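Chemist: I'd like to ask you about the structure that follows.
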Amino acid sequence: MSDQARLQVRGDDRKFTLEVGQTILEAALEQDLDLDHACGGVCACSTCHVKVKQGKDCLSPASEDELDQLDEARDVGLDSRLGCQSRLLRVPPGGVIELQIPDWNVNAVSEGSGS
Ligand code: FES
């Protein structure tokens with residue numbers, strides 16, 4: 001059985017992977033997927049906010065700290081998670097974790113990139 005899921009990001013045709021035991025932010029950093037992470041991944045900001053459109057049940061549950069940080073994020077929904085706190089526990093039946101990175105977050109990344 002595979003220990004890696006396909007990570008699909010809406011609006012991005014590239015193919016990413018997410019390994020069991022890895023957080024979404026770790027996978028993003030490893031594979032050049034732009035995901036802001038102002039606090040460095042210690043659950044002290046909300047800039048790594050993502051919406052998990054598919055496979056949310058296979059991620060580690062949100063802690064109280066994560067939920068508190070998400071309260072500060074913009075455009076939060078029931079599918080919202082912090083990328084640095086969402087760890088893949090098991091590969092979903094279809095093998096896919098699908099994410100949407102909120103528009104305001106994408107803009108923040110490109111404005112900060114200097115390119
Ligand atoms: S990078 Fe700051 S909470 Fe995830």
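Scheme for the structure tokens: letters A, B, ... for chains in order shown; per-chain residue numbers from 1; ligand numbers from 1 in order shown.
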Show me which residues line ligand 1, defined as having an atom within 10 Å of a ligand atom where only C-alpha atoms and all ligand atoms count, and present them as a list in words.
Modeler: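 The distance check yields Ile24, Leu25, Leu35, Asp36, His37, Ala38, Cys39, Gly40, Gly41, Val42, Cys43, Ala44, Cys45, Ser46, Thr47, Cys48, His49, Val50, Asp65, Glu66, Gln69, Leu70, Ala73, Arg81, Leu82, Gly83, Cys84, Gln85 and Ser86 of chain A.
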Chemist: Write out the residues from the selection above, keeping N, CA and C atoms, as a tab-separated table (two decimals), in the first residue's frame.
Modeler:
chain	number	residue	atom	x	y	z
A	24	ILE	N	1.18	19.51	5.20
A	24	ILE	CA	0.99	20.17	3.90
A	24	ILE	C	2.07	21.21	3.68
A	25	LEU	N	2.43	21.95	4.72
A	25	LEU	CA	3.48	22.96	4.56
A	25	LEU	C	4.82	22.31	4.23
A	35	LEU	N	3.26	28.58	-0.55
A	35	LEU	CA	2.33	28.63	0.58
A	35	LEU	C	3.00	29.48	1.65
A	36	ASP	N	2.37	30.59	1.95
A	36	ASP	CA	2.95	31.52	2.91
A	36	ASP	C	3.08	30.82	4.28
A	37	HIS	N	4.05	31.23	5.07
A	37	HIS	CA	4.26	30.59	6.38
A	37	HIS	C	5.04	31.54	7.27
A	38	ALA	N	4.38	32.65	7.58
A	38	ALA	CA	5.06	33.75	8.27
A	38	ALA	C	5.71	33.35	9.59
A	39	CYS	N	5.11	32.44	10.33
A	39	CYS	CA	5.68	32.08	11.64
A	39	CYS	C	6.64	30.90	11.55
A	40	GLY	N	6.85	30.38	10.35
A	40	GLY	CA	7.77	29.27	10.19
A	40	GLY	C	7.15	27.92	10.51
A	41	GLY	N	5.85	27.88	10.66
A	41	GLY	CA	5.18	26.59	10.85
A	41	GLY	C	4.98	26.19	12.29
A	42	VAL	N	4.87	27.17	13.19
A	42	VAL	CA	4.68	26.83	14.61
A	42	VAL	C	3.30	27.23	15.14
A	43	CYS	N	2.35	27.36	14.25
A	43	CYS	CA	0.96	27.63	14.64
A	43	CYS	C	0.82	28.96	15.35
A	44	ALA	N	1.55	29.98	14.88
A	44	ALA	CA	1.49	31.29	15.52
A	44	ALA	C	1.04	32.38	14.55
A	45	CYS	N	0.52	31.99	13.40
A	45	CYS	CA	-0.04	32.96	12.47
A	45	CYS	C	-1.18	32.24	11.75
A	46	SER	N	-1.67	32.77	10.67
A	46	SER	CA	-2.67	32.00	9.91
A	46	SER	C	-2.38	32.12	8.42
A	47	THR	N	-1.15	32.45	8.10
A	47	THR	CA	-0.82	32.71	6.68
A	47	THR	C	-0.71	31.42	5.87
A	48	CYS	N	-0.66	30.27	6.52
A	48	CYS	CA	-0.59	29.00	5.78
A	48	CYS	C	-1.98	28.39	5.60
A	49	HIS	N	-3.00	29.23	5.76
A	49	HIS	CA	-4.39	28.79	5.63
A	49	HIS	C	-4.67	28.18	4.26
A	50	VAL	N	-5.22	26.98	4.27
A	50	VAL	CA	-5.64	26.33	3.02
A	50	VAL	C	-7.05	25.78	3.24
A	65	ASP	N	-5.24	25.09	19.47
A	65	ASP	CA	-4.38	26.19	19.04
A	65	ASP	C	-4.62	26.51	17.57
A	66	GLU	N	-4.75	25.47	16.75
A	66	GLU	CA	-4.98	25.70	15.33
A	66	GLU	C	-6.32	26.40	15.12
A	69	GLN	N	-6.01	30.02	15.89
A	69	GLN	CA	-5.34	30.77	14.82
A	69	GLN	C	-6.26	30.97	13.62
A	70	LEU	N	-7.04	29.93	13.32
A	70	LEU	CA	-7.94	30.03	12.17
A	70	LEU	C	-9.00	31.10	12.39
A	73	ALA	N	-7.93	34.11	10.70
A	73	ALA	CA	-7.72	34.07	9.25
A	73	ALA	C	-8.91	34.68	8.51
A	81	ARG	N	-7.98	24.72	7.05
A	81	ARG	CA	-6.94	24.17	7.92
A	81	ARG	C	-5.70	25.04	7.81
A	82	LEU	N	-4.80	24.88	8.78
A	82	LEU	CA	-3.49	25.49	8.66
A	82	LEU	C	-2.56	24.45	8.04
A	83	GLY	N	-1.89	24.82	6.98
A	83	GLY	CA	-1.03	23.87	6.27
A	83	GLY	C	0.05	23.28	7.15
A	84	CYS	N	0.56	24.08	8.09
A	84	CYS	CA	1.67	23.59	8.92
A	84	CYS	C	1.19	22.62	10.00
A	85	GLN	N	-0.11	22.59	10.24
A	85	GLN	CA	-0.64	21.72	11.30
A	85	GLN	C	-1.39	20.52	10.76
A	86	SER	N	-1.51	20.42	9.45
A	86	SER	CA	-2.28	19.34	8.83
A	86	SER	C	-1.34	18.27	8.33
Chemist: Go through A:Gln100, A:Gln4, A:Gly95, A:Gly21 one by one, measure the shortest atom-to-atom distance of each to Lys53 (chain A) using only C-alpha atoms, and give the residue with the smallest value.
Modeler: A:Gln100
Chemist: Restricting the calculation to only C-alpha atoms, which member of A:Glu26, A:Glu19, A:Asp12, A:Glu72 is positioned closest to Arg90 (chain A)?
Modeler: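 Once distances to Arg90 (chain A) are computed over only C-alpha atoms, the minimum belongs to A:Glu19.
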Chemist: Among the residues of region 11-112 of chain A, find those DSSP assigns to strand (DSSP E) from the backbone and print them as a PyMOL selection string.
Modeler: chain A and resi 12-19+49-54+80-82+96-100
Chemist: Please indicate the distance in Å from CA of Glu98 (chain A) to CA of Arg10 (chain A), rounded to one decimal place.
Modeler: 7.3 Å
Chemist: Please extract the residues of chain A with a backbone DSSP assignment of helix (DSSP H, G or I) and present them as an NGL selection string.
Modeler: :A and (24-30 or 56-58 or 64-71 or 83-85 or 103-113)
Chemist: When distances are computed from only C-alpha atoms, which of A:Val52, A:Val76, A:Ile97, A:Leu88 shows the smallest separation from Thr23 (chain A)?
Modeler: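 Looking only at the distances to Thr23 (chain A), the closest residue turns out to be A:Leu88.
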Chemist: Using only C-alpha atoms, which residue out of A:Pro102, A:Leu78, A:Asp32, A:Cys58 lies closest to Ala5 (chain A)?
Modeler: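 Looking only at the distances to Ala5 (chain A), the closest residue turns out to be A:Cys58.
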Chemist: So, counting only C-alpha atoms, which residue among A:Leu89, A:Leu67, A:Ala62, A:Val96 is closest to Gln22 (chain A)?
Modeler: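 Of the candidates, the smallest distance to Gln22 (chain A) is held by A:Leu89.
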